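Text of upload13.txt, listed as compact mmCIF, C-alpha atoms and all ligand atoms:
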```
# COMPACT_ATOMS: atom_id res chain seq x y z
CA MET A 185 -6.45 2.85 -34.25
CA LEU A 186 -4.60 5.41 -36.33
CA LEU A 187 -3.07 2.84 -38.68
CA THR A 188 -4.25 -0.69 -39.43
CA VAL A 189 -2.51 -3.06 -41.82
CA ASN A 190 -3.85 -6.44 -42.91
CA ASN A 191 -2.30 -9.18 -45.04
CA LEU A 192 0.13 -6.83 -46.71
CA SER A 193 2.20 -8.58 -49.30
CA VAL A 194 4.87 -7.71 -51.85
CA SER A 195 7.34 -9.81 -53.84
CA PHE A 196 10.32 -8.71 -55.87
CA GLY A 197 11.15 -11.08 -58.70
CA GLY A 198 9.28 -13.93 -57.03
CA VAL A 199 10.92 -13.40 -53.63
CA HIS A 200 8.54 -12.51 -50.80
CA ALA A 201 9.94 -9.29 -49.32
CA LEU A 202 6.94 -8.76 -47.06
CA HIS A 203 3.98 -10.80 -45.97
CA LEU A 204 2.61 -9.05 -42.92
CA ASP A 205 -0.53 -10.57 -41.40
CA HIS A 206 -1.43 -7.66 -39.16
CA PHE A 207 -0.03 -4.44 -37.75
CA SER A 208 -1.77 -1.65 -35.91
CA LEU A 209 -0.66 1.57 -34.34
CA GLY A 210 -2.50 3.91 -31.97
CA GLU A 211 -2.56 7.70 -31.66
CA LYS A 212 0.70 9.10 -30.28
CA GLU A 213 2.26 5.67 -30.11
CA LEU A 214 5.97 5.24 -30.71
CA ARG A 215 6.57 1.81 -32.24
CA VAL A 216 9.98 0.36 -32.92
CA ILE A 217 10.42 -2.24 -35.66
CA ILE A 218 13.47 -4.45 -35.46
CA GLY A 219 14.62 -7.44 -37.47
CA PRO A 220 17.68 -8.81 -39.23
CA ASN A 221 18.88 -7.49 -42.60
CA GLY A 222 16.43 -8.13 -45.41
CA ALA A 223 13.51 -8.65 -42.99
CA GLY A 224 11.30 -6.25 -44.96
CA LYS A 225 11.39 -3.33 -42.53
CA SER A 226 12.18 -0.61 -45.09
CA THR A 227 9.84 -2.23 -47.62
CA PHE A 228 7.04 -1.96 -45.06
CA LEU A 229 7.60 1.78 -44.57
CA ASP A 230 8.05 2.23 -48.34
CA ILE A 231 4.60 0.73 -48.91
CA ILE A 232 2.94 2.86 -46.23
CA CYS A 233 4.33 6.08 -47.74
CA GLY A 234 3.52 5.03 -51.31
CA LYS A 235 7.10 4.64 -52.56
CA THR A 236 6.61 0.91 -53.20
CA LYS A 237 3.41 -0.65 -54.54
CA ALA A 238 2.03 -3.63 -52.60
CA ASP A 239 0.81 -6.74 -54.43
CA SER A 240 -2.12 -7.19 -52.04
CA GLY A 241 -3.48 -6.32 -48.63
CA GLU A 242 -4.83 -3.22 -46.97
CA VAL A 243 -3.44 -0.21 -45.18
CA ILE A 244 -6.02 1.97 -43.42
CA PHE A 245 -4.93 5.34 -42.04
CA LYS A 246 -7.42 7.57 -40.18
CA GLY A 247 -10.15 5.30 -41.52
CA LYS A 248 -9.10 5.79 -45.16
CA PRO A 249 -7.46 3.28 -47.50
CA VAL A 250 -3.90 4.22 -48.42
CA LEU A 251 -2.91 1.64 -51.04
CA GLY A 252 -3.21 2.94 -54.58
CA LYS A 253 -2.64 6.54 -53.53
CA SER A 254 0.40 8.50 -54.70
CA GLU A 255 3.23 9.56 -52.37
CA VAL A 256 1.94 13.14 -52.47
CA GLN A 257 -1.63 12.09 -51.62
CA ILE A 258 -0.36 9.94 -48.74
CA ALA A 259 1.75 12.84 -47.42
CA GLU A 260 -1.38 15.01 -47.59
CA LEU A 261 -3.26 12.42 -45.55
CA GLY A 262 -0.68 13.01 -42.81
CA ILE A 263 2.07 10.42 -43.24
CA GLY A 264 5.63 11.79 -43.33
CA ARG A 265 8.72 9.74 -44.08
CA LYS A 266 12.29 10.40 -43.12
CA PHE A 267 14.67 8.34 -45.19
CA GLN A 268 18.07 7.15 -44.08
CA LYS A 269 19.82 8.97 -46.91
CA PRO A 270 20.36 12.68 -46.24
CA SER A 271 18.21 15.01 -48.31
CA VAL A 272 18.97 18.46 -46.90
CA PHE A 273 20.45 21.21 -49.07
CA PRO A 274 23.99 21.67 -47.68
CA GLU A 275 24.53 25.20 -49.07
CA LEU A 276 21.34 26.53 -47.50
CA THR A 277 21.04 27.54 -43.88
CA VAL A 278 19.04 25.42 -41.46
CA TYR A 279 16.36 28.14 -41.54
CA ASP A 280 16.13 28.09 -45.35
CA ASN A 281 15.95 24.30 -45.44
CA LEU A 282 13.05 24.52 -43.00
CA LEU A 283 11.40 27.30 -44.98
CA LEU A 284 11.63 25.18 -48.10
CA ALA A 285 9.85 22.36 -46.26
CA VAL A 286 6.97 24.71 -45.45
CA LYS A 287 6.86 25.92 -49.07
CA THR A 288 6.90 22.49 -50.66
CA LYS A 289 3.78 21.62 -48.71
CA LYS A 290 1.96 24.21 -50.82
CA ASP A 291 0.84 24.08 -54.45
CA ILE A 292 2.90 25.80 -57.15
CA PHE A 293 0.70 28.89 -57.25
CA SER A 294 0.96 29.60 -53.53
CA THR A 295 4.68 28.79 -53.58
CA LEU A 296 5.27 31.51 -56.22
CA PHE A 297 3.53 34.13 -54.11
CA PHE A 298 4.76 32.78 -50.80
CA LYS A 299 5.42 35.33 -48.07
CA VAL A 300 7.00 34.43 -44.77
CA SER A 301 4.39 35.54 -42.29
CA PRO A 302 5.38 36.00 -38.64
CA ALA A 303 3.34 32.87 -37.85
CA ILE A 304 5.40 30.78 -40.31
CA ALA A 305 8.68 32.16 -39.00
CA GLU A 306 7.55 31.40 -35.47
CA ARG A 307 6.60 27.87 -36.43
CA ILE A 308 10.02 27.29 -38.02
CA HIS A 309 11.74 28.57 -34.88
CA ASP A 310 9.51 26.40 -32.68
CA VAL A 311 10.26 23.23 -34.64
CA ALA A 312 13.98 24.10 -34.72
CA ALA A 313 13.91 24.54 -30.94
CA ARG A 314 12.15 21.20 -30.48
CA LEU A 315 14.89 19.52 -32.48
CA GLN A 316 17.60 21.49 -30.62
CA LEU A 317 18.61 23.35 -33.77
CA ASN A 318 17.84 26.86 -32.53
CA THR A 319 21.49 27.68 -31.82
CA VAL A 320 22.53 26.72 -35.37
CA ILE A 321 19.50 28.00 -37.26
CA TYR A 322 21.50 30.43 -39.43
CA LYS A 323 24.37 28.02 -40.02
CA GLN A 324 24.76 26.28 -43.39
CA ALA A 325 23.27 22.80 -43.19
CA GLY A 326 26.47 21.35 -44.67
CA ALA A 327 28.43 22.59 -41.66
CA LEU A 328 26.26 20.76 -39.12
CA SER A 329 27.39 17.66 -37.26
CA HIS A 330 26.04 14.33 -38.52
CA GLY A 331 23.57 14.22 -35.64
CA GLN A 332 22.31 17.75 -36.29
CA LYS A 333 21.79 16.91 -39.98
CA GLN A 334 19.60 13.99 -38.97
CA TRP A 335 17.62 16.21 -36.59
CA LEU A 336 17.19 18.73 -39.39
CA GLU A 337 15.73 15.96 -41.54
CA ILE A 338 13.26 15.14 -38.77
CA ALA A 339 12.41 18.85 -38.45
CA ILE A 340 11.74 18.99 -42.21
CA VAL A 341 9.30 16.07 -41.92
CA MET A 342 7.64 17.72 -38.92
CA LEU A 343 7.04 20.94 -40.84
CA GLN A 344 4.98 18.97 -43.33
CA ASP A 345 2.53 18.48 -40.47
CA PRO A 346 2.29 14.71 -40.36
CA THR A 347 0.16 12.80 -37.85
CA LEU A 348 2.37 9.76 -38.38
CA MET A 349 6.14 9.93 -38.89
CA LEU A 350 8.06 7.01 -40.41
CA ILE A 351 11.71 7.12 -39.45
CA ASP A 352 14.39 4.82 -40.81
CA GLU A 353 17.42 4.22 -38.56
CA PRO A 354 17.63 7.71 -37.05
CA ALA A 355 20.74 6.96 -35.02
CA ALA A 356 22.82 5.33 -37.78
CA GLY A 357 26.39 6.63 -37.75
CA MET A 358 25.88 8.76 -34.64
CA SER A 359 28.12 9.06 -31.60
CA ASP A 360 26.80 7.62 -28.31
CA GLU A 361 25.96 11.10 -27.11
CA GLU A 362 24.07 11.99 -30.32
CA THR A 363 22.24 8.64 -30.22
CA GLU A 364 21.07 9.28 -26.68
CA LYS A 365 19.95 12.79 -27.60
CA THR A 366 18.08 11.44 -30.65
CA GLY A 367 16.26 9.00 -28.37
CA ALA A 368 15.22 11.83 -26.05
CA LEU A 369 14.04 13.89 -29.05
CA LEU A 370 11.93 11.03 -30.41
CA LEU A 371 10.35 10.43 -27.01
CA GLU A 372 9.49 14.11 -26.84
CA LEU A 373 8.04 14.11 -30.39
CA ALA A 374 5.90 11.11 -29.45
CA ASN A 375 3.95 13.41 -27.11
CA THR A 376 2.38 14.96 -30.19
CA HIS A 377 2.91 12.46 -33.04
CA SER A 378 2.59 8.78 -33.82
CA ILE A 379 5.97 7.44 -34.86
CA ILE A 380 7.28 4.23 -36.38
CA VAL A 381 11.05 3.83 -36.07
CA ILE A 382 13.16 1.15 -37.72
CA GLU A 383 16.26 0.50 -35.67
CA HIS A 384 19.14 -1.94 -35.29
CA ASP A 385 20.94 -0.56 -32.26
CA MET A 386 19.46 -2.43 -29.27
CA LYS A 387 20.67 0.07 -26.70
CA PHE A 388 18.83 2.76 -28.60
CA VAL A 389 15.74 0.54 -28.95
CA GLU A 390 15.74 0.05 -25.19
CA GLN A 391 15.86 3.81 -24.70
CA ILE A 392 12.93 4.64 -26.99
CA ALA A 393 10.70 1.55 -26.81
CA ASN A 394 8.16 2.92 -24.36
CA HIS A 395 5.37 0.68 -25.64
CA LEU A 396 5.65 -2.15 -28.15
CA VAL A 397 8.43 -3.49 -30.34
CA THR A 398 7.52 -5.39 -33.53
CA VAL A 399 9.98 -7.99 -34.76
CA LEU A 400 10.04 -8.78 -38.48
CA VAL A 401 11.89 -11.77 -39.87
CA ARG A 402 11.89 -12.68 -43.54
CA GLY A 403 8.95 -10.42 -44.27
CA LYS A 404 6.79 -11.82 -41.49
CA ARG A 405 5.84 -10.67 -38.01
CA LEU A 406 7.76 -12.91 -35.64
CA MET A 407 6.39 -11.30 -32.49
CA GLU A 408 5.33 -8.10 -30.83
CA GLY A 409 5.90 -7.20 -27.20
CA THR A 410 7.61 -4.92 -24.75
CA PHE A 411 11.36 -4.50 -25.09
CA GLU A 412 11.86 -6.95 -22.19
CA GLU A 413 9.59 -9.56 -23.80
CA VAL A 414 11.29 -9.23 -27.17
CA LYS A 415 14.78 -9.28 -25.71
CA ASN A 416 14.09 -12.50 -23.82
CA ASP A 417 12.21 -14.31 -26.59
CA GLN A 418 14.19 -17.35 -27.70
CA ARG A 419 13.13 -17.01 -31.35
CA VAL A 420 14.34 -13.43 -31.42
CA ILE A 421 17.61 -14.39 -29.75
CA ASP A 422 18.08 -17.19 -32.27
CA CYS A 423 17.50 -15.02 -35.30
CA TYR A 424 19.82 -12.31 -34.02
CA LEU A 425 22.51 -14.87 -33.32
CA GLY A 426 22.14 -16.06 -36.91
CA ARG A 427 20.72 -19.40 -35.83
CA THR A 428 17.75 -19.11 -38.17
CA ASN A 429 16.50 -22.68 -38.11
CA ALA A 430 13.68 -24.75 -39.51
CA GLN A 431 11.27 -23.22 -36.99
CA LEU A 432 11.86 -19.77 -38.40
CA GLU A 433 11.52 -21.07 -41.95
CA THR A 434 7.97 -22.21 -41.22
CA LEU A 435 6.78 -19.04 -39.52
N1 LIG A 501 13.35 -2.59 -55.03
C1 LIG A 501 13.69 -3.84 -54.74
N2 LIG A 501 13.93 -4.73 -55.71
C2 LIG A 501 14.24 -6.01 -55.44
N3 LIG A 501 14.35 -6.51 -54.20
C3 LIG A 501 14.14 -5.67 -53.18
C4 LIG A 501 13.80 -4.28 -53.39
N4 LIG A 501 13.64 -3.69 -52.17
C5 LIG A 501 13.87 -4.65 -51.26
N5 LIG A 501 14.18 -5.83 -51.85
C6 LIG A 501 14.43 -7.11 -51.17
O1 LIG A 501 13.36 -7.29 -50.25
C7 LIG A 501 13.83 -7.85 -49.03
C8 LIG A 501 13.50 -6.94 -47.87
O2 LIG A 501 14.34 -5.77 -47.96
P1 LIG A 501 14.24 -4.55 -46.96
O3 LIG A 501 15.22 -3.53 -47.42
O4 LIG A 501 12.84 -4.13 -46.80
O5 LIG A 501 14.74 -5.21 -45.60
P2 LIG A 501 15.19 -4.49 -44.25
O6 LIG A 501 14.60 -5.27 -43.16
O7 LIG A 501 14.84 -3.03 -44.31
O8 LIG A 501 16.76 -4.69 -44.29
P3 LIG A 501 17.97 -3.76 -43.74
O9 LIG A 501 17.89 -3.85 -42.27
O10 LIG A 501 19.16 -4.43 -44.30
O11 LIG A 501 17.74 -2.39 -44.27
C9 LIG A 501 15.32 -8.07 -49.21
O12 LIG A 501 15.50 -9.41 -49.62
C10 LIG A 501 15.68 -7.11 -50.31
O13 LIG A 501 16.80 -7.56 -51.04
```

Output the file's structure as structure tokens, nothing else.
Ligand SMILES: Nc1ncnc2c1ncn2[C@@H]1O[C@H](COP(=O)(O)OP(=O)(O)OP(=O)(O)O)[C@@H](O)[C@H]1O
Amino acid sequence: MLLTVNNLSVSFGGVHALHLDHFSLGEKELRVIIGPNGAGKSTFLDIICGKTKADSGEVIFKGKPVLGKSEVQIAELGIGRKFQKPSVFPELTVYDNLLLAVKTKKDIFSTLFFKVSPAIAERIHDVAARLQLNTVIYKQAGALSHGQKQWLEIAIVMLQDPTLMLIDEPAAGMSDEETEKTGALLLELANTHSIIVIEHDMKFVEQIANHLVTVLVRGKRLMEGTFEEVKNDQRVIDCYLGRTNAQLETL
């Protein structure tokens, strides 16, 4: 397994945000995590990438413990995170945003003396092409469509060379056409990367869930299964309809 999580727990002010018994992810697996608001989905990804500190539990990535490491150390281990909030530089071109992503992977000394070798330029163009940004590569990032900005963010994470990409609601605010294209892009990226995607839009989940879907409810793992299994599970239906009952309370 690429990633194994056991008994991962965190509380905020006495409220259990996450208490995850077990989670594991294989090489080049694309896993979708769904769950109602406040289920702990973002908190889970925040802990994996080192943004939030867990109270207890273990996270093992490529056989190495992750908890206790800094965000930079975790990124160096090969975990990249794309946040929901945009973080591209709008005045810079797509190319320069991508170049910056390559540079920030380096230490200060090498950044100061950084030269764009043909290999680096080629890599930037390759990643841009994979994310369908090649036709807008010299356009200012601020002038891109909402969808293209999101793809640029994914390209930036990719240039940091992660083995595992954590992606929070990639299709939020997108048109149907952009959503569909994002799904196709993620499925393509999953040929070379392991990916965990948090998503709310069920049509989109259906498009990208080629393996397992994990359902979190109130910080706990309600179930895991194929999209069909999850969609037809009565407990999942109940919690999405807002009929969270005593059964769910005792999970
Ligand atoms: N930094 C924080 N301080 C206090 N409480 C927090 C913090 N981060 C998250 N929480 C709480 O932890 C719980 C889980 O939140 P989280 O954002 O992980 O859920 P989510 O499943 O990602 O929800 P959404 O789908 O709405 O983004 C919520 O009750 C939330 O209010």

Problem set entry | Answer as a list of chain:residue names, residues within 7 Å of (23.6, 16.8, -30.6) using all atoms listed in the file |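 In the file's frame, the residues around the point are A:Gly331, A:Gln332, A:Glu362, A:Lys365.
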
Let me see the file: selected residues, C-alpha atoms, as a short mmCIF file (atom, residue, chain, number, x, y, z; two decimals), keeping the file's coordinate frame.
```
data_model
loop_
_atom_site.label_atom_id
_atom_site.label_comp_id
_atom_site.auth_asym_id
_atom_site.auth_seq_id
_atom_site.Cartn_x
_atom_site.Cartn_y
_atom_site.Cartn_z
CA GLY A 331 23.57 14.22 -35.64
CA GLN A 332 22.31 17.75 -36.29
CA GLU A 362 24.07 11.99 -30.32
CA LYS A 365 19.95 12.79 -27.60
#
```

Problem set entry | All residues having an atom within 10 Å of ligand LIG 501 (chain A) (only C-alpha atoms and all ligand atoms) as JSON, numbers by chain | {"A": [194, 195, 196, 197, 198, 199, 200, 201, 202, 217, 218, 219, 220, 221, 222, 223, 224, 225, 226, 227, 228, 229, 230, 231, 235, 236, 268, 352, 353, 382, 383, 384, 399, 400, 401, 402, 403]}

Quick one: write out the picked residues with C-alpha atoms as an mmCIF file, in the frame of the given file?
```
data_model
loop_
_atom_site.group_PDB
_atom_site.id
_atom_site.type_symbol
_atom_site.label_atom_id
_atom_site.label_comp_id
_atom_site.auth_asym_id
_atom_site.auth_seq_id
_atom_site.Cartn_x
_atom_site.Cartn_y
_atom_site.Cartn_z
ATOM 1 C CA VAL A 194 4.870 -7.710 -51.850
ATOM 2 C CA SER A 195 7.340 -9.810 -53.840
ATOM 3 C CA PHE A 196 10.320 -8.710 -55.870
ATOM 4 C CA GLY A 197 11.150 -11.080 -58.700
ATOM 5 C CA GLY A 198 9.280 -13.930 -57.030
ATOM 6 C CA VAL A 199 10.920 -13.400 -53.630
ATOM 7 C CA HIS A 200 8.540 -12.510 -50.800
ATOM 8 C CA ALA A 201 9.940 -9.290 -49.320
ATOM 9 C CA LEU A 202 6.940 -8.760 -47.060
ATOM 10 C CA ILE A 217 10.420 -2.240 -35.660
ATOM 11 C CA ILE A 218 13.470 -4.450 -35.460
ATOM 12 C CA GLY A 219 14.620 -7.440 -37.470
ATOM 13 C CA PRO A 220 17.680 -8.810 -39.230
ATOM 14 C CA ASN A 221 18.880 -7.490 -42.600
ATOM 15 C CA GLY A 222 16.430 -8.130 -45.410
ATOM 16 C CA ALA A 223 13.510 -8.650 -42.990
ATOM 17 C CA GLY A 224 11.300 -6.250 -44.960
ATOM 18 C CA LYS A 225 11.390 -3.330 -42.530
ATOM 19 C CA SER A 226 12.180 -0.610 -45.090
ATOM 20 C CA THR A 227 9.840 -2.230 -47.620
ATOM 21 C CA PHE A 228 7.040 -1.960 -45.060
ATOM 22 C CA LEU A 229 7.600 1.780 -44.570
ATOM 23 C CA ASP A 230 8.050 2.230 -48.340
ATOM 24 C CA ILE A 231 4.600 0.730 -48.910
ATOM 25 C CA LYS A 235 7.100 4.640 -52.560
ATOM 26 C CA THR A 236 6.610 0.910 -53.200
ATOM 27 C CA GLN A 268 18.070 7.150 -44.080
ATOM 28 C CA ASP A 352 14.390 4.820 -40.810
ATOM 29 C CA GLU A 353 17.420 4.220 -38.560
ATOM 30 C CA ILE A 382 13.160 1.150 -37.720
ATOM 31 C CA GLU A 383 16.260 0.500 -35.670
ATOM 32 C CA HIS A 384 19.140 -1.940 -35.290
ATOM 33 C CA VAL A 399 9.980 -7.990 -34.760
ATOM 34 C CA LEU A 400 10.040 -8.780 -38.480
ATOM 35 C CA VAL A 401 11.890 -11.770 -39.870
ATOM 36 C CA ARG A 402 11.890 -12.680 -43.540
ATOM 37 C CA GLY A 403 8.950 -10.420 -44.270
#
```

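Candidate residues A:Val420, A:Val381, A:Ala355, A:Leu282 were compared for distance to A:Arg405, and the nearest is A:Val420, using all atoms listed in the file.
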
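Omitting A:Asn191 and its sequence neighbours fewer than 2 positions away, and counting all atoms listed in the file, the residues within 12 Å are Thr188, Val189, Ser193, Val194, Leu202, His203, Leu204, Asp205, His206, Phe207, Ser208, Phe228, Ala238, Asp239, Ser240, Gly241, Glu242, Val243, Ile244, Gly403, Lys404 and Arg405 of chain A.
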
Exercise. Pick from A:Val286, A:Val278, A:Cys423, A:Val341: nearest to A:Lys323, with all atoms listed in the file counted?
Worked result: A:Val278

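As for atom CA of A:Ala368 and atom CA of A:Asn394, they are spaced 11.5 Å apart.
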
Problem set entry | Among listed residues A:Leu328, A:Ile338, A:Glu390, A:Leu348, nearest A:Asn375 (using all atoms listed in the file) | A:Leu348

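Excluding A:Ile258 itself and same-chain residues fewer than 3 positions from it, the residues having an atom within 12 Å of it are A:Asp230, A:Ile231, A:Ile232, A:Cys233, A:Gly234, A:Lys235, A:Val243, A:Ile244, A:Phe245, A:Lys246, A:Lys248, A:Pro249, A:Val250, A:Leu251, A:Gly252, A:Lys253, A:Ser254, A:Glu255, A:Leu261, A:Gly262, A:Ile263, A:Gly264, A:Arg265, A:Gln344, A:Pro346, A:Thr347, A:Leu348, A:Met349, counting only C-alpha atoms.
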
Exercise. Atom CA of A:Glu372 and atom CA of A:Ile340, how far apart in Å?
Worked result: 16.3 Å

Because the input lacks atoms here, generate N, CA and C atoms for stretch 369-398 of chain A and report them as a short mmCIF file (atom, residue, chain, number, x, y, z; two decimals), in the coordinates of the input.
```
data_model
loop_
_atom_site.label_atom_id
_atom_site.label_comp_id
_atom_site.auth_asym_id
_atom_site.auth_seq_id
_atom_site.Cartn_x
_atom_site.Cartn_y
_atom_site.Cartn_z
N LEU A 369 14.84 13.07 -28.13
CA LEU A 369 14.04 13.89 -29.05
C LEU A 369 12.83 13.11 -29.55
N LEU A 370 13.04 11.84 -29.90
CA LEU A 370 11.93 11.03 -30.41
C LEU A 370 10.87 10.83 -29.33
N LEU A 371 11.32 10.61 -28.10
CA LEU A 371 10.35 10.43 -27.01
C LEU A 371 9.54 11.71 -26.80
N GLU A 372 10.20 12.82 -26.98
CA GLU A 372 9.49 14.11 -26.84
C GLU A 372 8.50 14.29 -28.00
N LEU A 373 8.94 13.96 -29.22
CA LEU A 373 8.04 14.11 -30.39
C LEU A 373 6.82 13.19 -30.27
N ALA A 374 7.01 12.06 -29.59
CA ALA A 374 5.90 11.11 -29.45
C ALA A 374 4.79 11.65 -28.54
N ASN A 375 5.03 12.77 -27.88
CA ASN A 375 3.95 13.41 -27.11
C ASN A 375 2.90 14.01 -28.04
N THR A 376 3.31 14.30 -29.27
CA THR A 376 2.38 14.96 -30.19
C THR A 376 2.18 14.20 -31.51
N HIS A 377 2.99 13.17 -31.76
CA HIS A 377 2.91 12.46 -33.04
C HIS A 377 2.93 10.95 -32.81
N SER A 378 2.36 10.22 -33.78
CA SER A 378 2.59 8.78 -33.82
C SER A 378 3.87 8.57 -34.63
N ILE A 379 4.67 7.63 -34.19
CA ILE A 379 5.97 7.44 -34.86
C ILE A 379 6.27 5.95 -35.02
N ILE A 380 6.74 5.58 -36.20
CA ILE A 380 7.28 4.23 -36.38
C ILE A 380 8.77 4.39 -36.69
N VAL A 381 9.60 3.73 -35.90
CA VAL A 381 11.05 3.83 -36.07
C VAL A 381 11.61 2.46 -36.39
N ILE A 382 12.41 2.38 -37.44
CA ILE A 382 13.16 1.15 -37.72
C ILE A 382 14.51 1.32 -37.06
N GLU A 383 14.96 0.33 -36.33
CA GLU A 383 16.26 0.50 -35.67
C GLU A 383 16.98 -0.83 -35.48
N HIS A 384 18.31 -0.75 -35.50
CA HIS A 384 19.14 -1.94 -35.29
C HIS A 384 19.82 -1.93 -33.93
N ASP A 385 20.14 -0.72 -33.46
CA ASP A 385 20.94 -0.56 -32.26
C ASP A 385 20.07 -0.85 -31.02
N MET A 386 20.33 -1.97 -30.36
CA MET A 386 19.46 -2.43 -29.27
C MET A 386 19.47 -1.50 -28.05
N LYS A 387 20.61 -0.86 -27.83
CA LYS A 387 20.67 0.07 -26.70
C LYS A 387 19.71 1.24 -26.95
N PHE A 388 19.72 1.67 -28.20
CA PHE A 388 18.83 2.76 -28.60
C PHE A 388 17.37 2.30 -28.54
N VAL A 389 17.11 1.08 -29.00
CA VAL A 389 15.74 0.54 -28.95
C VAL A 389 15.25 0.53 -27.50
N GLU A 390 16.12 0.10 -26.60
CA GLU A 390 15.74 0.05 -25.19
C GLU A 390 15.37 1.45 -24.68
N GLN A 391 16.12 2.44 -25.14
CA GLN A 391 15.86 3.81 -24.70
C GLN A 391 14.49 4.33 -25.17
N ILE A 392 14.14 4.01 -26.43
CA ILE A 392 12.93 4.64 -26.99
C ILE A 392 11.68 3.76 -26.95
N ALA A 393 11.85 2.45 -26.73
CA ALA A 393 10.70 1.55 -26.81
C ALA A 393 9.84 1.69 -25.55
N ASN A 394 8.97 2.69 -25.56
CA ASN A 394 8.16 2.92 -24.36
C ASN A 394 6.85 2.12 -24.40
N HIS A 395 6.60 1.46 -25.52
CA HIS A 395 5.37 0.68 -25.64
C HIS A 395 5.71 -0.68 -26.26
N LEU A 396 5.41 -0.84 -27.54
CA LEU A 396 5.65 -2.15 -28.15
C LEU A 396 6.79 -2.12 -29.16
N VAL A 397 7.42 -3.28 -29.30
CA VAL A 397 8.43 -3.49 -30.34
C VAL A 397 7.88 -4.58 -31.26
N THR A 398 7.95 -4.36 -32.57
CA THR A 398 7.52 -5.39 -33.53
C THR A 398 8.78 -6.00 -34.15
#
```
